[in-house]
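S.K.: Input upload.txt, format and content: compact mmCIF, C-alpha atoms and all ligand atoms.
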# COMPACT_ATOMS: atom_id res chain seq x y z
CA MET A 181 12.34 3.93 -16.05
CA HIS A 182 11.98 1.72 -13.06
CA ASN A 183 14.01 -1.40 -12.80
CA THR A 184 11.54 -4.28 -12.37
CA ALA A 185 13.38 -5.47 -9.27
CA THR A 186 13.18 -2.04 -7.64
CA PRO A 187 10.31 -1.30 -5.30
CA PHE A 188 8.07 1.48 -6.54
CA ILE A 189 7.15 2.37 -3.02
CA LYS A 190 9.24 5.05 -1.34
CA ARG A 191 10.60 3.90 1.97
CA ASP A 192 12.00 7.10 3.38
CA GLY A 193 10.34 9.90 5.31
CA ILE A 194 7.65 9.57 7.95
CA ASN A 195 4.08 9.60 6.65
CA TRP A 196 2.57 11.94 9.24
CA VAL A 197 -0.99 11.49 7.99
CA SER A 198 -0.82 7.74 8.64
CA VAL A 199 0.94 8.24 11.97
CA ALA A 200 -1.74 10.72 13.12
CA VAL A 201 -4.74 8.70 11.90
CA PHE A 202 -3.53 5.37 13.28
CA SER A 203 -2.55 7.00 16.60
CA VAL A 204 -6.01 8.54 17.00
CA PHE A 205 -7.67 5.18 16.25
CA HIS A 206 -5.47 3.30 18.75
CA VAL A 207 -6.22 5.86 21.47
CA GLY A 208 -9.93 5.65 20.58
CA ALA A 209 -9.76 1.84 20.86
CA VAL A 210 -8.37 2.13 24.40
CA ILE A 211 -10.99 4.72 25.38
CA ALA A 212 -13.68 2.34 24.03
CA LEU A 213 -12.79 -0.14 26.79
CA PHE A 214 -14.21 2.33 29.35
CA PHE A 215 -17.48 2.69 27.40
CA PHE A 216 -18.38 -0.98 26.99
CA THR A 217 -22.03 -1.84 26.32
CA TRP A 218 -23.29 -5.06 24.75
CA PRO A 219 -25.28 -3.39 21.94
CA ALA A 220 -22.22 -1.35 20.92
CA PHE A 221 -20.08 -4.50 21.03
CA VAL A 222 -22.53 -6.35 18.76
CA ALA A 223 -22.53 -3.41 16.33
CA ALA A 224 -18.71 -3.58 16.30
CA LEU A 225 -18.79 -7.33 15.59
CA VAL A 226 -21.19 -6.89 12.68
CA LEU A 227 -19.13 -4.03 11.21
CA TYR A 228 -15.95 -6.09 11.73
CA TRP A 229 -17.43 -8.81 9.53
CA VAL A 230 -18.82 -6.36 6.97
CA SER A 231 -15.52 -4.49 6.58
CA LEU A 232 -13.05 -7.38 6.81
CA SER A 233 -14.89 -10.30 5.23
CA LEU A 234 -17.30 -8.69 2.76
CA GLY A 235 -15.01 -5.71 2.15
CA ILE A 236 -11.35 -6.74 2.33
CA GLY A 237 -11.45 -10.55 1.99
CA MET A 238 -14.17 -10.93 -0.64
CA GLY A 239 -14.11 -7.48 -2.25
CA TYR A 240 -10.63 -5.95 -2.32
CA HIS A 241 -8.71 -9.23 -2.20
CA ARG A 242 -10.48 -12.17 -3.83
CA LEU A 243 -12.65 -10.24 -6.31
CA LEU A 244 -10.75 -7.07 -7.25
CA THR A 245 -7.11 -8.17 -6.85
CA HIS A 246 -7.25 -11.79 -7.99
CA ARG A 247 -10.58 -11.94 -9.91
CA SER A 248 -11.20 -15.33 -8.33
CA PHE A 249 -14.95 -15.05 -9.01
CA GLN A 250 -17.31 -12.84 -10.96
CA THR A 251 -20.38 -11.06 -9.75
CA SER A 252 -22.69 -8.26 -10.80
CA ARG A 253 -21.48 -4.69 -10.97
CA TRP A 254 -23.66 -3.70 -8.00
CA ILE A 255 -22.41 -6.44 -5.72
CA LYS A 256 -18.86 -5.54 -6.74
CA TYR A 257 -19.46 -1.89 -5.81
CA PHE A 258 -21.17 -2.87 -2.56
CA LEU A 259 -18.21 -5.08 -1.54
CA ALA A 260 -15.76 -2.31 -2.48
CA VAL A 261 -17.65 0.23 -0.33
CA CYS A 262 -17.57 -2.28 2.56
CA GLY A 263 -13.79 -2.48 2.02
CA THR A 264 -13.34 1.26 2.58
CA LEU A 265 -14.85 0.82 6.07
CA ALA A 266 -11.66 -1.00 7.11
CA LEU A 267 -9.62 2.22 6.73
CA GLU A 268 -7.07 0.51 4.50
CA GLY A 269 -7.39 3.12 1.75
CA GLY A 270 -9.29 2.91 -1.51
CA PRO A 271 -9.52 -0.22 -3.67
CA ILE A 272 -7.06 0.92 -6.35
CA SER A 273 -3.99 1.50 -4.16
CA TRP A 274 -4.84 -1.60 -2.06
CA VAL A 275 -5.04 -3.81 -5.13
CA ALA A 276 -1.85 -2.35 -6.67
CA THR A 277 0.08 -2.83 -3.42
CA HIS A 278 -1.18 -6.38 -3.05
CA ARG A 279 -0.39 -7.36 -6.63
CA ILE A 280 3.15 -6.05 -6.06
CA HIS A 281 3.30 -8.20 -2.92
CA HIS A 282 2.47 -11.28 -5.00
CA GLN A 283 4.95 -10.39 -7.72
CA PHE A 284 7.88 -9.86 -5.33
CA SER A 285 6.81 -11.96 -2.31
CA ASP A 286 9.62 -11.93 0.25
CA LYS A 287 12.03 -10.63 -2.39
CA PRO A 288 13.41 -7.10 -2.94
CA GLY A 289 10.40 -5.03 -4.01
CA ASP A 290 7.87 -6.66 -1.65
CA PRO A 291 6.24 -3.71 0.18
CA HIS A 292 5.82 -5.68 3.41
CA THR A 293 8.00 -8.72 3.94
CA PRO A 294 9.11 -9.81 7.45
CA ARG A 295 12.56 -10.30 5.92
CA ASP A 296 12.78 -6.51 6.30
CA GLY A 297 11.76 -6.89 9.96
CA LYS A 298 8.66 -8.32 11.65
CA TRP A 299 7.41 -4.91 12.77
CA TRP A 300 8.19 -3.45 9.37
CA ALA A 301 5.90 -6.04 7.75
CA HIS A 302 3.20 -5.47 10.38
CA ILE A 303 2.84 -1.71 10.73
CA ILE A 304 5.97 0.33 10.02
CA TRP A 305 5.59 0.00 6.22
CA THR A 306 2.30 1.91 6.54
CA LEU A 307 3.92 4.74 8.52
CA VAL A 308 6.98 5.35 6.37
CA GLY A 309 7.24 6.55 2.80
CA ASP A 310 4.24 6.70 0.53
CA SER A 311 2.71 3.22 0.81
CA THR A 312 -0.60 4.53 2.08
CA HIS A 313 -0.77 7.34 -0.46
CA SER A 314 -2.17 7.01 -3.96
CA ARG A 315 0.78 6.41 -6.22
CA THR A 316 -0.61 7.14 -9.65
CA ALA A 317 2.13 5.67 -11.84
CA GLU A 318 2.34 2.47 -9.89
CA CYS A 319 -1.43 2.13 -9.53
CA SER A 320 -2.07 2.60 -13.24
CA ARG A 321 0.53 0.00 -14.03
CA TYR A 322 -0.64 -2.58 -11.50
CA ALA A 323 -4.39 -1.95 -11.48
CA PRO A 324 -5.36 -0.74 -14.97
CA ASP A 325 -8.52 -2.87 -14.82
CA LEU A 326 -9.72 -0.86 -11.81
CA TYR A 327 -8.73 2.46 -13.34
CA SER A 328 -11.13 1.88 -16.22
CA ASP A 329 -14.05 1.79 -13.74
CA ARG A 330 -15.20 5.31 -12.92
CA PHE A 331 -16.95 4.32 -9.71
CA LEU A 332 -13.84 2.60 -8.33
CA VAL A 333 -11.73 5.63 -9.26
CA LEU A 334 -14.16 7.91 -7.42
CA LEU A 335 -14.39 5.57 -4.44
CA SER A 336 -10.59 5.41 -4.26
CA LYS A 337 -10.35 9.19 -4.23
CA TYR A 338 -12.97 9.62 -1.51
CA ASN A 339 -12.32 6.35 0.31
CA TYR A 340 -12.80 7.90 3.77
CA VAL A 341 -16.35 9.10 3.05
CA PRO A 342 -18.30 5.85 3.71
CA LEU A 343 -16.58 5.45 7.11
CA LEU A 344 -17.36 9.07 7.91
CA ILE A 345 -21.05 8.50 7.11
CA VAL A 346 -21.15 5.29 9.19
CA SER A 347 -19.50 7.19 12.08
CA VAL A 348 -22.10 9.96 11.99
CA LEU A 349 -24.95 7.42 11.86
CA LEU A 350 -23.53 5.43 14.78
CA LEU A 351 -23.14 8.56 16.87
CA ALA A 352 -26.61 9.87 15.97
CA PHE A 353 -28.57 6.65 16.47
CA GLY A 354 -26.40 4.73 18.95
CA GLY A 355 -24.36 7.25 20.91
CA VAL A 356 -20.74 7.61 21.94
CA ASP A 357 -20.37 3.92 22.89
CA PHE A 358 -21.47 2.86 19.38
CA LEU A 359 -19.01 5.29 17.78
CA LEU A 360 -16.10 4.17 19.97
CA TRP A 361 -16.76 0.44 19.47
CA GLY A 362 -18.19 0.39 15.94
CA VAL A 363 -15.49 2.65 14.51
CA PHE A 364 -12.41 3.16 16.69
CA PHE A 365 -12.11 -0.25 18.38
CA ARG A 366 -13.39 -2.20 15.38
CA VAL A 367 -11.16 -0.44 12.81
CA THR A 368 -8.06 -0.83 15.02
CA MET A 369 -8.68 -4.56 15.50
CA GLY A 370 -9.36 -4.96 11.77
CA LEU A 371 -6.13 -3.19 10.84
CA HIS A 372 -4.10 -5.51 13.07
CA ALA A 373 -5.91 -8.60 11.73
CA THR A 374 -5.08 -7.54 8.17
CA TRP A 375 -1.51 -6.57 9.07
CA MET A 376 -1.06 -10.01 10.69
CA VAL A 377 -1.63 -11.52 7.24
CA ASN A 378 1.38 -9.51 6.04
CA SER A 379 3.54 -10.17 9.08
CA LEU A 380 2.64 -13.37 11.01
CA THR A 381 1.58 -15.54 8.06
CA HIS A 382 4.94 -14.95 6.42
CA PHE A 383 6.88 -16.49 9.32
CA TRP A 384 4.59 -18.39 11.72
CA GLY A 385 2.53 -21.41 10.75
CA ARG A 386 2.56 -24.50 8.57
CA ARG A 387 3.61 -24.72 4.97
CA ARG A 388 1.51 -27.15 2.94
CA PHE A 389 2.91 -26.00 -0.41
CA THR A 390 6.55 -25.35 -1.28
CA THR A 391 6.08 -21.83 -2.61
CA ARG A 392 8.93 -19.48 -3.54
CA ASP A 393 8.00 -17.19 -0.63
CA ASP A 394 7.79 -17.70 3.16
CA SER A 395 3.97 -17.83 3.33
CA ARG A 396 2.33 -19.94 6.06
CA ASN A 397 -1.08 -21.23 7.04
CA ASN A 398 -2.01 -19.81 10.44
CA TRP A 399 -5.32 -20.74 12.12
CA LEU A 400 -5.34 -17.75 14.48
CA VAL A 401 -4.91 -15.22 11.69
CA ALA A 402 -7.45 -17.12 9.58
CA LEU A 403 -9.98 -16.88 12.39
CA LEU A 404 -9.43 -13.14 12.91
CA SER A 405 -9.43 -12.33 9.18
CA PHE A 406 -12.25 -14.61 7.99
CA GLY A 407 -10.01 -17.01 6.09
CA GLU A 408 -7.15 -14.80 4.88
CA GLY A 409 -4.74 -16.57 7.25
CA TRP A 410 -4.59 -19.70 5.04
CA HIS A 411 -1.92 -17.68 3.34
CA ASN A 412 0.39 -20.46 2.13
CA ASN A 413 -2.59 -21.99 0.31
CA HIS A 414 -3.27 -18.55 -1.13
CA HIS A 415 0.27 -17.93 -2.38
CA ALA A 416 0.27 -21.40 -3.95
CA HIS A 417 -3.12 -20.78 -5.60
CA PRO A 418 -3.62 -16.99 -5.79
CA THR A 419 -6.69 -17.11 -8.04
CA SER A 420 -8.60 -19.58 -5.88
CA ALA A 421 -11.67 -18.02 -4.26
CA ARG A 422 -11.30 -20.67 -1.58
CA HIS A 423 -8.33 -20.15 0.77
CA GLY A 424 -9.07 -22.75 3.44
CA LEU A 425 -8.61 -25.91 1.38
CA ALA A 426 -9.05 -28.64 4.00
CA TRP A 427 -12.40 -29.15 5.73
CA TYR A 428 -10.94 -28.01 9.05
CA GLU A 429 -9.53 -24.79 7.57
CA ILE A 430 -12.41 -22.45 8.35
CA ASP A 431 -12.76 -19.77 5.69
CA MET A 432 -15.79 -17.55 6.26
CA SER A 433 -15.21 -15.40 3.18
CA TRP A 434 -15.28 -18.57 1.07
CA MET A 435 -18.56 -19.60 2.74
CA ALA A 436 -20.08 -16.24 1.78
CA ILE A 437 -18.86 -16.63 -1.81
CA ARG A 438 -20.52 -20.06 -1.85
CA VAL A 439 -23.76 -18.47 -0.67
CA LEU A 440 -23.54 -15.91 -3.51
CA GLN A 441 -22.87 -18.73 -5.96
CA PHE A 442 -25.82 -20.75 -4.60
CA LEU A 443 -28.08 -17.71 -5.05
CA GLY A 444 -26.83 -17.28 -8.62
CA LEU A 445 -25.07 -14.02 -7.73
CA ALA A 446 -21.50 -15.26 -8.29
CA ASN A 447 -20.07 -17.24 -11.19
CA SER A 448 -16.76 -18.29 -12.74
CA VAL A 449 -15.64 -19.21 -9.21
CA HIS A 450 -12.08 -20.55 -9.26
CA VAL A 451 -11.37 -23.23 -6.68
CA ALA A 452 -8.04 -24.93 -5.97
CA GLY A 453 -8.13 -28.54 -4.83
CA LEU A 454 -5.85 -30.30 -2.39
ZN ZN B 501 1.64 -12.86 1.33
ZN ZN B 502 -3.49 -12.20 -2.60
Please, can you express the file's structure as structure tokens?
Ligand SMILES: [Zn+2]
Ligand SMILES: [Zn+2]
M.R.:
Amino acid sequence: MHNTATPFIKRDGINWVSVAVFSVFHVGAVIALFFFTWPAFVAALVLYWVSLSLGIGMGYHRLLTHRSFQTSRWIKYFLAVCGTLALEGGPISWVATHRIHHQFSDKPGDPHTPRDGKWWAHIIWTLVGDSTHSRTAECSRYAPDLYSDRFLVLLSKYNYVPLLIVSVLLLAFGGVDFLLWGVFFRVTMGLHATWMVNSLTHFWGRRRFTTRDDSRNNWLVALLSFGEGWHNNHHAHPTSARHGLAWYEIDMSWMAIRVLQFLGLANSVHVAGL
């Protein structure tokens, strides 16, 4: 039996798969700089938005983890597939890890708190132990709602397939510059933007709410992550689909949820007020 205060995630041993994959993507991102073309850059921007805002922000985070709004099964699956394009693993392990983060925020058991070191919270936690592997026991305990969905189980198992297909299409129809920018550069930037939510917004920024964790609101991270950087608001109101609560707190994922709601494609939208 696990003690509830004990992290489920193993923290020892280097995860060579993560080290190899992230190294290749970082090298690819640097090589991309020598193959700059405007069309490839625009493709990267579009895919950056699709993977980080539609996929991670709206899909993995606000819909699947916190159920802050409801939508049709097909939109849910579409957003989840977009999420896999960010190379942050499948929806089930992402959701389980993130729910653990909320349960133990900045306490023993938090998979990525800067209290264990700023670089630990940013990237090292993904390179050590089994955080980026599927951890069946932990996932079934923390994401049973996702486990009951056969498509999400399948997508979690083969989470690298959509990115592989996009890569082949980019190479076939765009060329090497599209592959380097649309996949390697874009994924690397997206990973750091997401990791900044785990690292920077737990020690740098303003605190509007006195939460029991160190979460902060950070405009730079919010800009790069389409609204996820209003992280103190989020920890204070985890089920709110809206993270940027003031008019000047730009939250593009919230805007897209509003568009879905306006079109009648999203309902039961939870919104925290100021
Ligand atoms: Zn947090
Ligand atoms: Zn959250």
S.K.: Go through chain A residue by residue and, counting all atoms listed in the file, keep those with an atom at most 7 Å from ligand ZN 501 (chain B); for each kept residue give the shortest atom pair and its distance in Å to one decimal, ordered by chain and increasing number, as CSV.
M.R.:
residue,atom,partner,partner_atom,distance
A:His281,CA,B:ZN501,ZN,6.5
A:His282,CA,B:ZN501,ZN,6.6
A:Ser285,CA,B:ZN501,ZN,6.4
A:Val377,CA,B:ZN501,ZN,6.9
A:Asn378,CA,B:ZN501,ZN,5.8
A:His382,CA,B:ZN501,ZN,6.4
A:Ser395,CA,B:ZN501,ZN,5.8
A:His411,CA,B:ZN501,ZN,6.3
A:His415,CA,B:ZN501,ZN,6.4
S.K.: Could you give me, as a tab-separated table, a per-residue list for chain A showing, wherever an atom lies at most 10 Å from an atom of ligand ZN 502 (chain B), the closest pair of atoms and their distance in Å to one decimal, using only C-alpha atoms and all ligand atoms and sorting by chain then residue number from low to high?
M.R.:
residue	atom	partner	partner_atom	distance
A:Gly237	CA	B:ZN502	ZN	9.3
A:Tyr240	CA	B:ZN502	ZN	9.5
A:His241	CA	B:ZN502	ZN	6.0
A:Arg242	CA	B:ZN502	ZN	7.1
A:Thr245	CA	B:ZN502	ZN	6.9
A:His246	CA	B:ZN502	ZN	6.6
A:Val275	CA	B:ZN502	ZN	8.9
A:His278	CA	B:ZN502	ZN	6.3
A:Arg279	CA	B:ZN502	ZN	7.0
A:Ile280	CA	B:ZN502	ZN	9.7
A:His281	CA	B:ZN502	ZN	7.9
A:His282	CA	B:ZN502	ZN	6.5
A:Glu408	CA	B:ZN502	ZN	8.7
A:His411	CA	B:ZN502	ZN	8.2
A:His414	CA	B:ZN502	ZN	6.5
A:His415	CA	B:ZN502	ZN	6.9
A:His417	CA	B:ZN502	ZN	9.1
A:Pro418	CA	B:ZN502	ZN	5.8
A:Thr419	CA	B:ZN502	ZN	8.0
A:Ser420	CA	B:ZN502	ZN	9.6
A:His423	CA	B:ZN502	ZN	9.9
S.K.: Taking only residues of segment 266-343 of chain A that have an atom at most 10 Å from an atom of segment 193-198 of chain A, what is each one's shortest atom pair and its distance in Å to one decimal, using all atoms listed in the file, in chain and number order, as a tab-separated table?
M.R.:
residue	atom	partner	partner_atom	distance
A:Ile304	CA	A:Ile194	CA	9.6
A:Trp305	CA	A:Asn195	CA	9.7
A:Thr306	CA	A:Ser198	CA	6.9
A:Leu307	CA	A:Asn195	CA	5.2
A:Val308	CA	A:Ile194	CA	4.6
A:Gly309	CA	A:Gly193	CA	5.2
A:Asp310	CA	A:Asn195	CA	6.8
A:Ser311	CA	A:Asn195	CA	8.8
A:Thr312	CA	A:Ser198	CA	7.3
A:His313	CA	A:Asn195	CA	8.9
S.K.: Expressed in Å to a single decimal, how great is the separation between atom CA of Phe365 of chain A and atom CA of Phe202 of chain A?
M.R.: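 Between these atoms lies a distance of 11.5 Å.
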S.K.: As an exercise, work out the distance from atom CA of Val348 of chain A to atom CA of Phe364 of chain A in Å and give it to one decimal place.
M.R.: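 That distance, rounded to one decimal, is 12.7 Å.
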S.K.: With all atoms listed in the file as the atoms that count, which of A:Trp410, A:Trp274, A:Tyr340, A:Tyr228 lies nearest to Arg388 of chain A?
M.R.: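 Of A:Trp410, A:Trp274, A:Tyr340, A:Tyr228, the one nearest Arg388 of chain A, counting all atoms listed in the file, is A:Trp410.
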S.K.: Suppose you want the space between atom CA of Thr374 of chain A and atom CA of Cys262 of chain A; what is it in Å?
M.R.: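 Between these atoms lies a distance of 14.7 Å.
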S.K.: Choose the residue, out of A:His372, A:His302, A:Lys190, A:Arg295, that has the smallest atom-to-atom separation from Leu267 of chain A; count all atoms listed in the file.
M.R.: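 Closest residue, counting all atoms listed in the file: A:His372.
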S.K.: Which residue is closest to Leu343 of chain A? Choose from A:Asp192, A:Asp286, A:Glu268, A:Asp329 and count only C-alpha atoms.
M.R.: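 That would be A:Glu268, the residue with the smallest distance to Leu343 of chain A.
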S.K.: Tell me, as number ranges by chain, which residues lie within 12 Å of Arg438 of chain A, counting only C-alpha atoms; anything in the same chain fewer than 3 positions away does not count.
M.R.: A: 238, 249, 251, 421-422, 431-435, 441-451
S.K.: Which residue is closest to Arg191 of chain A? Choose from A:Gly409, A:Gly354, A:Gly289, A:Pro271 and count all atoms listed in the file.
M.R.: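 Closest to Arg191 of chain A of all the choices is A:Gly289.
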S.K.: What would segment 236-264 of chain A look like with N, CA and C atoms in place, written as a PDB file, in the coordinates of the input?
M.R.:
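Final output, saved to result_11.pdb:
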ATOM      1  N   ILE A 236     -12.746  -6.452   2.666  1.00  0.00           N
ATOM      2  CA  ILE A 236     -11.350  -6.740   2.330  1.00  0.00           C
ATOM      3  C   ILE A 236     -11.193  -8.144   1.735  1.00  0.00           C
ATOM      4  N   GLY A 237     -11.670  -9.161   2.439  1.00  0.00           N
ATOM      5  CA  GLY A 237     -11.450 -10.550   1.990  1.00  0.00           C
ATOM      6  C   GLY A 237     -12.114 -10.847   0.654  1.00  0.00           C
ATOM      7  N   MET A 238     -13.439 -10.621   0.590  1.00  0.00           N
ATOM      8  CA  MET A 238     -14.170 -10.930  -0.640  1.00  0.00           C
ATOM      9  C   MET A 238     -13.983  -9.853  -1.695  1.00  0.00           C
ATOM     10  N   GLY A 239     -14.112  -8.583  -1.289  1.00  0.00           N
ATOM     11  CA  GLY A 239     -14.110  -7.480  -2.250  1.00  0.00           C
ATOM     12  C   GLY A 239     -12.716  -7.136  -2.750  1.00  0.00           C
ATOM     13  N   TYR A 240     -11.958  -6.427  -1.909  1.00  0.00           N
ATOM     14  CA  TYR A 240     -10.630  -5.950  -2.320  1.00  0.00           C
ATOM     15  C   TYR A 240      -9.738  -7.124  -2.786  1.00  0.00           C
ATOM     16  N   HIS A 241      -9.711  -8.198  -1.949  1.00  0.00           N
ATOM     17  CA  HIS A 241      -8.710  -9.230  -2.200  1.00  0.00           C
ATOM     18  C   HIS A 241      -9.132 -10.255  -3.263  1.00  0.00           C
ATOM     19  N   ARG A 242     -10.186 -11.030  -2.951  1.00  0.00           N
ATOM     20  CA  ARG A 242     -10.480 -12.170  -3.830  1.00  0.00           C
ATOM     21  C   ARG A 242     -11.152 -11.754  -5.138  1.00  0.00           C
ATOM     22  N   LEU A 243     -11.974 -10.687  -5.087  1.00  0.00           N
ATOM     23  CA  LEU A 243     -12.650 -10.240  -6.310  1.00  0.00           C
ATOM     24  C   LEU A 243     -11.791  -9.255  -7.114  1.00  0.00           C
ATOM     25  N   LEU A 244     -11.414  -8.134  -6.486  1.00  0.00           N
ATOM     26  CA  LEU A 244     -10.750  -7.070  -7.250  1.00  0.00           C
ATOM     27  C   LEU A 244      -9.283  -7.368  -7.554  1.00  0.00           C
ATOM     28  N   THR A 245      -8.535  -7.905  -6.595  1.00  0.00           N
ATOM     29  CA  THR A 245      -7.110  -8.170  -6.850  1.00  0.00           C
ATOM     30  C   THR A 245      -6.920  -9.399  -7.730  1.00  0.00           C
ATOM     31  N   HIS A 246      -7.556 -10.513  -7.325  1.00  0.00           N
ATOM     32  CA  HIS A 246      -7.250 -11.790  -7.990  1.00  0.00           C
ATOM     33  C   HIS A 246      -8.332 -12.261  -8.952  1.00  0.00           C
ATOM     34  N   ARG A 247      -9.465 -11.555  -9.020  1.00  0.00           N
ATOM     35  CA  ARG A 247     -10.580 -11.940  -9.910  1.00  0.00           C
ATOM     36  C   ARG A 247     -10.901 -13.427  -9.794  1.00  0.00           C
ATOM     37  N   SER A 248     -10.992 -13.898  -8.534  1.00  0.00           N
ATOM     38  CA  SER A 248     -11.200 -15.330  -8.330  1.00  0.00           C
ATOM     39  C   SER A 248     -12.663 -15.738  -8.516  1.00  0.00           C
ATOM     40  N   PHE A 249     -13.559 -14.762  -8.637  1.00  0.00           N
ATOM     41  CA  PHE A 249     -14.950 -15.050  -9.010  1.00  0.00           C
ATOM     42  C   PHE A 249     -15.504 -13.811  -9.698  1.00  0.00           C
ATOM     43  N   GLN A 250     -16.662 -13.987 -10.329  1.00  0.00           N
ATOM     44  CA  GLN A 250     -17.310 -12.840 -10.960  1.00  0.00           C
ATOM     45  C   GLN A 250     -18.663 -12.622 -10.330  1.00  0.00           C
ATOM     46  N   THR A 251     -19.074 -11.380 -10.317  1.00  0.00           N
ATOM     47  CA  THR A 251     -20.380 -11.060  -9.750  1.00  0.00           C
ATOM     48  C   THR A 251     -20.908  -9.829 -10.471  1.00  0.00           C
ATOM     49  N   SER A 252     -22.114  -9.416 -10.112  1.00  0.00           N
ATOM     50  CA  SER A 252     -22.690  -8.260 -10.800  1.00  0.00           C
ATOM     51  C   SER A 252     -21.953  -6.987 -10.400  1.00  0.00           C
ATOM     52  N   ARG A 253     -22.097  -5.980 -11.231  1.00  0.00           N
ATOM     53  CA  ARG A 253     -21.480  -4.690 -10.970  1.00  0.00           C
ATOM     54  C   ARG A 253     -21.886  -4.133  -9.608  1.00  0.00           C
ATOM     55  N   TRP A 254     -23.167  -4.306  -9.229  1.00  0.00           N
ATOM     56  CA  TRP A 254     -23.660  -3.700  -8.000  1.00  0.00           C
ATOM     57  C   TRP A 254     -23.134  -4.396  -6.768  1.00  0.00           C
ATOM     58  N   ILE A 255     -23.001  -5.717  -6.858  1.00  0.00           N
ATOM     59  CA  ILE A 255     -22.410  -6.440  -5.720  1.00  0.00           C
ATOM     60  C   ILE A 255     -20.935  -6.073  -5.604  1.00  0.00           C
ATOM     61  N   LYS A 256     -20.276  -5.941  -6.753  1.00  0.00           N
ATOM     62  CA  LYS A 256     -18.860  -5.540  -6.740  1.00  0.00           C
ATOM     63  C   LYS A 256     -18.695  -4.178  -6.058  1.00  0.00           C
ATOM     64  N   TYR A 257     -19.553  -3.226  -6.410  1.00  0.00           N
ATOM     65  CA  TYR A 257     -19.460  -1.890  -5.810  1.00  0.00           C
ATOM     66  C   TYR A 257     -19.788  -1.941  -4.323  1.00  0.00           C
ATOM     67  N   PHE A 258     -20.802  -2.746  -3.968  1.00  0.00           N
ATOM     68  CA  PHE A 258     -21.170  -2.870  -2.560  1.00  0.00           C
ATOM     69  C   PHE A 258     -19.991  -3.416  -1.748  1.00  0.00           C
ATOM     70  N   LEU A 259     -19.344  -4.481  -2.249  1.00  0.00           N
ATOM     71  CA  LEU A 259     -18.210  -5.080  -1.540  1.00  0.00           C
ATOM     72  C   LEU A 259     -17.057  -4.079  -1.431  1.00  0.00           C
ATOM     73  N   ALA A 260     -16.849  -3.299  -2.496  1.00  0.00           N
ATOM     74  CA  ALA A 260     -15.760  -2.310  -2.480  1.00  0.00           C
ATOM     75  C   ALA A 260     -16.040  -1.215  -1.446  1.00  0.00           C
ATOM     76  N   VAL A 261     -17.299  -0.780  -1.345  1.00  0.00           N
ATOM     77  CA  VAL A 261     -17.650   0.230  -0.330  1.00  0.00           C
ATOM     78  C   VAL A 261     -17.428  -0.358   1.064  1.00  0.00           C
ATOM     79  N   CYS A 262     -17.822  -1.623   1.261  1.00  0.00           N
ATOM     80  CA  CYS A 262     -17.570  -2.280   2.560  1.00  0.00           C
ATOM     81  C   CYS A 262     -16.074  -2.269   2.864  1.00  0.00           C
ATOM     82  N   GLY A 263     -15.240  -2.456   1.834  1.00  0.00           N
ATOM     83  CA  GLY A 263     -13.790  -2.480   2.020  1.00  0.00           C
ATOM     84  C   GLY A 263     -13.253  -1.154   2.549  1.00  0.00           C
ATOM     85  N   THR A 264     -13.837  -0.043   2.109  1.00  0.00           N
ATOM     86  CA  THR A 264     -13.340   1.260   2.580  1.00  0.00           C
ATOM     87  C   THR A 264     -13.568   1.427   4.082  1.00  0.00           C
TER      88      THR A 264
END
